[in-house]
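Heads up: the structure comes next, in structure tokens.
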Amino acid sequence: MFKAEKTKNVGIFYVSGKDNFERLITIFNGNLSTKSKQKEFENWLLTFNQQYKMDINYKNNLIIPSLSNSWISGFFDALGCFNGRIKNCKKNKFNKVPYLSFSIKYNEFYIIKLLRDVFLNTQKKNLNNIKYDKSIESWVFHCSDFIKLKVIRRYLSIHKLRTTSKSLAFRNWCKIHNLVLNKEHLTEDGLNKINLLTKKLIS
């Protein structure tokens with residue numbers, strides 16, 4: 001079913017019935033990657049066991065996301081954001097340069113730092129590319145380095161995004177990335193192309 005949520009419709013998938021709940025338990029028990037969802041599932045399983053007089057053990061196992069599977073792609077599909085704009089720059093002969101970035105927000109520092117470490121190939125304890133946004137009480141991983149963005153792009157080219165709006169935004173984001181890598185942003189025509197594409201990055 002669909003319900004209106006502010007300015008958009010949101011699809012909701014409902015599951016009911018003991019057999020279907022058991023299928024969900026098989027899928028999620030021991031296979032979650034965020035601590036908040038792990039705790040949420042543990043409480044849900046406790047309620048299930050009480051309601052249906054079952055004794056299914058909770059598996060306290062945290063899956064570590066990696067570039068070798070599609071978990072991160074699904075996470076990006078839900079929460080990732082592909083950004084781009086033309087900004088002013090006095091050092092450029094056109095006084096304008098393209099700015100391209102990827103960002104994702106989540107309320108767990110652990111998962112945001114893990115994503116930063118995976119995509120930037122680092123294990124540093126510093127907060128480079130990470131900040132805390134008090135307005136939404138979430139941690140943010142942000143990357144705007146055109147070379148480092150290649151890793152994100154390469155991963156999503158293999159483990160594809162599934163939602164139409166996000167995949168379209170990613171496609172236009174890649175077009176901008178190509179224009180910059182091919183130095184077309186150094187021409188007025190190239191900057192105009194990039195400017196038009198940035199208007200299609202609603203994800």
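Please note that chains go A, B, ... in the order of the structure tokens, that every chain numbers its residues from 1, and that ligands are numbered from 1 in the order shown.
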
If we count only C-alpha atoms and set the cut-off at 10 Å, which residues sit around Leu181 of chain A, ignoring sequence neighbours fewer than 5 positions away in its own chain? Please answer as JSON, numbers by chain. {"A": [146, 147, 175, 176]}

Let's have the selection written as a short mmCIF file (atom, residue, chain, number, x, y, z; two decimals), in the first residue's frame, with N, CA and C atoms.
data_model
loop_
_atom_site.label_atom_id
_atom_site.label_comp_id
_atom_site.auth_asym_id
_atom_site.auth_seq_id
_atom_site.Cartn_x
_atom_site.Cartn_y
_atom_site.Cartn_z
N PHE A 146 37.16 14.28 -6.37
CA PHE A 146 36.76 13.66 -7.64
C PHE A 146 37.43 12.30 -7.86
N ILE A 147 38.64 12.13 -7.37
CA ILE A 147 39.34 10.86 -7.53
C ILE A 147 38.74 9.81 -6.59
N LYS A 175 27.45 11.36 -15.08
CA LYS A 175 27.69 12.18 -16.27
C LYS A 175 28.51 13.42 -15.91
N ILE A 176 28.18 14.03 -14.79
CA ILE A 176 28.95 15.19 -14.33
C ILE A 176 30.38 14.77 -14.01
#

Considering only C-alpha atoms, return as a PyMOL selection string whatever protein or nucleic-acid residues lie within 10 Å of Lys93 of chain A, sequence-local ones (same chain, fewer than 6 positions apart) excluded. chain A and resi 186-188

Can those selected residues be exported to a file as a compact mmCIF listing (two decimals), in the first residue's frame so that it contains C-alpha atoms?
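Output below, filename part22.txt:
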# COMPACT_ATOMS: atom_id res chain seq x y z
CA LEU A 186 37.28 23.95 -18.36
CA THR A 187 35.05 25.15 -21.21
CA GLU A 188 31.96 27.32 -21.00

Under the rule that only C-alpha atoms are counted, which of A:Gln123, A:Asn57, A:Thr164, A:Asn128 is the nearest residue to Thr26 of chain A?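 Looking only at the distances to Thr26 of chain A, the closest residue turns out to be A:Asn57.
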
Find the residue from A:Ile111, A:Leu156, A:Ile56, A:Ile12 that sits nearest to Ile130 of chain A; use only C-alpha atoms when measuring.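 So, comparing all the options, the nearest one is A:Ile111.
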
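Among A:Arg23, A:Lys96, A:Lys113, A:Lys125, the residue with the shortest atom-to-atom distance to Ile194 of chain A, counting only C-alpha atoms, is A:Lys96.
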
Got a sec: who's within 6 Å of Tyr99 of chain A, counting only C-alpha atoms, leaving out chain neighbours fewer than 6 positions off, as a list in words? Gly84, Arg85 and Ile86 of chain A

For the residues in that selection, give me N, CA and C atoms as a PDB file, in the first residue's frame.
ATOM      1  N   GLY A  84      25.452  17.975  -6.470  1.00  0.00           N
ATOM      2  CA  GLY A  84      26.298  18.665  -7.441  1.00  0.00           C
ATOM      3  C   GLY A  84      25.797  20.077  -7.679  1.00  0.00           C
ATOM      4  N   ARG A  85      26.718  20.978  -7.925  1.00  0.00           N
ATOM      5  CA  ARG A  85      26.337  22.363  -8.216  1.00  0.00           C
ATOM      6  C   ARG A  85      27.517  23.084  -8.858  1.00  0.00           C
ATOM      7  N   ILE A  86      27.237  24.234  -9.398  1.00  0.00           N
ATOM      8  CA  ILE A  86      28.281  25.117  -9.900  1.00  0.00           C
ATOM      9  C   ILE A  86      28.496  26.199  -8.849  1.00  0.00           C
TER      10      ILE A  86
END

Env of Ile136 of chain A: 10 Å cut, atoms = only C-alpha atoms, seq-sep filter 3 positions within chain, self excluded. Answer as a PyMOL selection string. chain A and resi 105-107+132-133+139

Residues of segment 5-196 of chain A in alpha helix (DSSP H) according to DSSP, as a ChimeraX atom specification? /A:18-28,35-52,71-79,109-120,149-158,164-181,188-196

Between A:Leu149, A:Val15, A:Val180, A:Leu161, which has the minimum distance to Val97 of chain A (counting only C-alpha atoms)?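 Comparing A:Leu149, A:Val15, A:Val180, A:Leu161 against Val97 of chain A, the winner is A:Val180.
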
Residues near segment 33-44 of chain A, anyone? I mean within 12 Å using only C-alpha atoms, not counting same-chain ones fewer than 3 positions away, as an NGL selection string. :A and (21-22 or 24-30 or 47-51 or 56-66 or 71-72 or 74-75 or 106-112 or 114-115)

Which of segment 2-145 of chain A counts as strand (DSSP E) under DSSP, as a PyMOL selection string please? chain A and resi 2-5+8-11+80-88+96-106+130-133+138-143

By how many Å are atom CA of Asn178 of chain A and atom CA of Lys193 of chain A apart?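 The value is 11.5 Å.
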
Residues within 12 Å of Leu168 of chain A, only C-alpha atoms, excluding chain neighbours under 3 positions, as a PyMOL selection string: chain A and resi 77+81-82+160-165+171-175+197-203

With N, CA and C atoms retained, export the selected residues as a PDB file, in the first residue's frame.
ATOM      1  N   ASP A  77      20.735   3.359  -1.238  1.00  0.00           N
ATOM      2  CA  ASP A  77      19.442   3.529  -1.901  1.00  0.00           C
ATOM      3  C   ASP A  77      18.453   4.236  -0.977  1.00  0.00           C
ATOM      4  N   CYS A  81      22.870  10.402  -0.798  1.00  0.00           N
ATOM      5  CA  CYS A  81      22.485  11.615  -1.524  1.00  0.00           C
ATOM      6  C   CYS A  81      23.600  12.018  -2.489  1.00  0.00           C
ATOM      7  N   PHE A  82      23.247  12.156  -3.766  1.00  0.00           N
ATOM      8  CA  PHE A  82      24.193  12.571  -4.802  1.00  0.00           C
ATOM      9  C   PHE A  82      24.009  14.066  -5.053  1.00  0.00           C
ATOM     10  N   LYS A 160      24.117  -2.407  -8.146  1.00  0.00           N
ATOM     11  CA  LYS A 160      23.286  -1.306  -8.640  1.00  0.00           C
ATOM     12  C   LYS A 160      22.191  -0.876  -7.668  1.00  0.00           C
ATOM     13  N   LEU A 161      21.893   0.419  -7.720  1.00  0.00           N
ATOM     14  CA  LEU A 161      20.787   0.982  -6.954  1.00  0.00           C
ATOM     15  C   LEU A 161      19.471   0.484  -7.539  1.00  0.00           C
ATOM     16  N   ARG A 162      18.458   0.304  -6.693  1.00  0.00           N
ATOM     17  CA  ARG A 162      17.198  -0.293  -7.138  1.00  0.00           C
ATOM     18  C   ARG A 162      16.055   0.704  -7.282  1.00  0.00           C
ATOM     19  N   THR A 163      16.070   1.787  -6.521  1.00  0.00           N
ATOM     20  CA  THR A 163      14.970   2.743  -6.642  1.00  0.00           C
ATOM     21  C   THR A 163      15.188   3.631  -7.861  1.00  0.00           C
ATOM     22  N   THR A 164      14.121   3.913  -8.573  1.00  0.00           N
ATOM     23  CA  THR A 164      14.223   4.661  -9.829  1.00  0.00           C
ATOM     24  C   THR A 164      14.801   6.054  -9.629  1.00  0.00           C
ATOM     25  N   SER A 165      14.297   6.795  -8.648  1.00  0.00           N
ATOM     26  CA  SER A 165      14.760   8.173  -8.441  1.00  0.00           C
ATOM     27  C   SER A 165      16.236   8.219  -8.074  1.00  0.00           C
ATOM     28  N   ARG A 171      22.919   8.271 -12.165  1.00  0.00           N
ATOM     29  CA  ARG A 171      23.297   8.305 -13.580  1.00  0.00           C
ATOM     30  C   ARG A 171      23.723   9.718 -14.002  1.00  0.00           C
ATOM     31  N   ASN A 172      22.957  10.717 -13.605  1.00  0.00           N
ATOM     32  CA  ASN A 172      23.304  12.101 -13.942  1.00  0.00           C
ATOM     33  C   ASN A 172      24.550  12.566 -13.190  1.00  0.00           C
ATOM     34  N   TRP A 173      24.698  12.093 -11.974  1.00  0.00           N
ATOM     35  CA  TRP A 173      25.889  12.374 -11.166  1.00  0.00           C
ATOM     36  C   TRP A 173      27.136  11.827 -11.864  1.00  0.00           C
ATOM     37  N   CYS A 174      27.021  10.628 -12.428  1.00  0.00           N
ATOM     38  CA  CYS A 174      28.141  10.023 -13.167  1.00  0.00           C
ATOM     39  C   CYS A 174      28.473  10.823 -14.429  1.00  0.00           C
ATOM     40  N   LYS A 175      27.453  11.361 -15.078  1.00  0.00           N
ATOM     41  CA  LYS A 175      27.689  12.179 -16.270  1.00  0.00           C
ATOM     42  C   LYS A 175      28.507  13.420 -15.912  1.00  0.00           C
ATOM     43  N   LEU A 197      22.778  19.386 -15.636  1.00  0.00           N
ATOM     44  CA  LEU A 197      22.721  18.068 -15.001  1.00  0.00           C
ATOM     45  C   LEU A 197      22.531  18.171 -13.487  1.00  0.00           C
ATOM     46  N   THR A 198      23.104  19.205 -12.869  1.00  0.00           N
ATOM     47  CA  THR A 198      22.952  19.345 -11.414  1.00  0.00           C
ATOM     48  C   THR A 198      21.495  19.529 -11.010  1.00  0.00           C
ATOM     49  N   LYS A 199      20.694  20.045 -11.913  1.00  0.00           N
ATOM     50  CA  LYS A 199      19.275  20.269 -11.615  1.00  0.00           C
ATOM     51  C   LYS A 199      18.481  18.959 -11.630  1.00  0.00           C
ATOM     52  N   LYS A 200      19.132  17.881 -12.065  1.00  0.00           N
ATOM     53  CA  LYS A 200      18.469  16.576 -12.123  1.00  0.00           C
ATOM     54  C   LYS A 200      18.921  15.651 -10.992  1.00  0.00           C
ATOM     55  N   LEU A 201      19.605  16.202 -10.008  1.00  0.00           N
ATOM     56  CA  LEU A 201      20.176  15.367  -8.945  1.00  0.00           C
ATOM     57  C   LEU A 201      19.283  15.238  -7.722  1.00  0.00           C
ATOM     58  N   ILE A 202      17.993  15.353  -7.896  1.00  0.00           N
ATOM     59  CA  ILE A 202      17.076  15.181  -6.768  1.00  0.00           C
ATOM     60  C   ILE A 202      16.978  13.696  -6.459  1.00  0.00           C
ATOM     61  N   SER A 203      17.520  13.292  -5.293  1.00  0.00           N
ATOM     62  CA  SER A 203      17.529  11.869  -4.943  1.00  0.00           C
ATOM     63  C   SER A 203      16.994  11.640  -3.539  1.00  0.00           C
TER      64      SER A 203
END
